[in-house]
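**Q** Structure below; questions to follow.
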Amino acid sequence: MHYLLRSRHQRVIYLGYRISLSDLEDACQPLHPDYVFTIIQEPIPRHPIQTYLDSAAQVVNPSQLLLTGAQLFVNAIQLPPNASLLNGLHETVQFLDNLKLKQLHNKTTSSVGDLQSLAGSAL
């Protein structure tokens, strides 16, 4: 995933495997990412998936939480307003390509803006 983001000229910070919600919050506060991407492939110990999603969405707000991984399809989930589900690699790549096109369009049509908002960011 890191490669897919970097190859599309996205600023990326890899926070690691099994990061706690408090560490995620500590990372998001100073960085204000546009997106926070997570792959939930294994069950989350001591947390129902819905509780975890709701808490993660609240922690990263107002950033958009991008979700993928097998655990999101085991049981029905209710996505928080600032969360999007990407069903597998194909949808993820499609989202990233559309994001890059959107950023290029904004760059060519906007005369005012900062480089950070044009470049985008992701955790």
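Each chain of the structure tokens is named A, B, ... in the order shown, its residues numbered from 1; ligands are numbered from 1 in display order.
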Among range 9-99 of chain A, which residues carry a DSSP assignment of alpha helix (DSSP H), reported as a PyMOL selection string?

**A** chain A and resi 21-31+49-60+88-99

**Q** If you run DSSP over the backbone, which residues in range 54-112 of chain A end up strand (DSSP E or B)? Put them as a list of chain:residue names.

**A** A:Gln64, A:Leu65, A:Leu66, A:Leu67, A:Thr68, A:Ala83, A:Ser84, A:Leu85

**Q** Keeping N, CA and C atoms for every residue in the selection just given, could you write it to a file as an mmCIF file, in the first residue's frame?

**A**
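Output contents, as saved in result25.cif:
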```cif
data_model
loop_
_atom_site.group_PDB
_atom_site.id
_atom_site.type_symbol
_atom_site.label_atom_id
_atom_site.label_comp_id
_atom_site.auth_asym_id
_atom_site.auth_seq_id
_atom_site.Cartn_x
_atom_site.Cartn_y
_atom_site.Cartn_z
ATOM 1 N N GLN A 64 -10.813 11.705 6.356
ATOM 2 C CA GLN A 64 -11.595 10.610 5.801
ATOM 3 C C GLN A 64 -10.901 9.297 6.151
ATOM 4 N N LEU A 65 -11.632 8.355 6.730
ATOM 5 C CA LEU A 65 -11.105 7.042 7.095
ATOM 6 C C LEU A 65 -11.386 6.071 5.952
ATOM 7 N N LEU A 66 -10.338 5.571 5.332
ATOM 8 C CA LEU A 66 -10.459 4.613 4.239
ATOM 9 C C LEU A 66 -10.182 3.222 4.784
ATOM 10 N N LEU A 67 -11.112 2.313 4.541
ATOM 11 C CA LEU A 67 -11.061 0.983 5.147
ATOM 12 C C LEU A 67 -11.072 -0.113 4.100
ATOM 13 N N THR A 68 -10.267 -1.139 4.342
ATOM 14 C CA THR A 68 -10.326 -2.347 3.548
ATOM 15 C C THR A 68 -9.835 -3.501 4.427
ATOM 16 N N ALA A 83 -16.177 7.730 6.893
ATOM 17 C CA ALA A 83 -15.485 6.492 6.525
ATOM 18 C C ALA A 83 -15.977 5.990 5.173
ATOM 19 N N SER A 84 -15.068 5.382 4.425
ATOM 20 C CA SER A 84 -15.391 4.766 3.142
ATOM 21 C C SER A 84 -14.786 3.375 3.110
ATOM 22 N N LEU A 85 -15.514 2.453 2.506
ATOM 23 C CA LEU A 85 -15.065 1.076 2.391
ATOM 24 C C LEU A 85 -14.563 0.831 0.975
#
```

**Q** Which is closer to Glu42 in chain A than all the others in A:Ala70, A:Leu104, A:Leu21, A:Ala76, using only C-alpha atoms?

**A** A:Ala70

**Q** Report as a list in words all protein, DNA and RNA residues lying within 12 Å of Ser7 in chain A, evaluated on only C-alpha atoms, omitting residues in the same chain fewer than 5 positions from it.

**A** Met1, His2, Val12, Val93, Leu96, Asp97 and Lys100 of chain A

**Q** Convert the current residue selection to file output with N, CA and C atoms, as a PDB file, in the first residue's frame.

**A**
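As written to disk, part_9.pdb reads:
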```
ATOM      1  N   MET A   1       0.819  -1.178   0.000  1.00  0.00           N
ATOM      2  CA  MET A   1       0.000   0.000   0.000  1.00  0.00           C
ATOM      3  C   MET A   1       0.872   1.255   0.000  1.00  0.00           C
ATOM      4  N   HIS A   2       1.919   1.208   0.787  1.00  0.00           N
ATOM      5  CA  HIS A   2       2.827   2.349   0.861  1.00  0.00           C
ATOM      6  C   HIS A   2       3.346   2.688  -0.539  1.00  0.00           C
ATOM      7  N   VAL A  12       3.011  10.130   2.592  1.00  0.00           N
ATOM      8  CA  VAL A  12       2.584   8.968   3.360  1.00  0.00           C
ATOM      9  C   VAL A  12       3.409   8.849   4.625  1.00  0.00           C
ATOM     10  N   VAL A  93      -6.996   0.816  -5.794  1.00  0.00           N
ATOM     11  CA  VAL A  93      -6.215   1.424  -6.873  1.00  0.00           C
ATOM     12  C   VAL A  93      -7.079   2.420  -7.642  1.00  0.00           C
ATOM     13  N   LEU A  96      -7.308   5.590  -5.606  1.00  0.00           N
ATOM     14  CA  LEU A  96      -6.051   6.335  -5.657  1.00  0.00           C
ATOM     15  C   LEU A  96      -5.853   7.026  -7.001  1.00  0.00           C
ATOM     16  N   ASP A  97      -6.203   6.350  -8.090  1.00  0.00           N
ATOM     17  CA  ASP A  97      -6.080   6.960  -9.410  1.00  0.00           C
ATOM     18  C   ASP A  97      -7.035   8.142  -9.552  1.00  0.00           C
ATOM     19  N   LYS A 100      -5.655  11.085  -7.595  1.00  0.00           N
ATOM     20  CA  LYS A 100      -4.561  11.750  -8.316  1.00  0.00           C
ATOM     21  C   LYS A 100      -5.122  12.637  -9.424  1.00  0.00           C
TER      22      LYS A 100
END
```

**Q** I want to know what sits within 12 Å of range 50-53 of chain A, based on only C-alpha atoms, with residues of the same chain fewer than 4 positions away left out; could you give that as a ChimeraX atom specification?

**A** /A:20-21,38-40,43-46,57-61,65-68,71-85
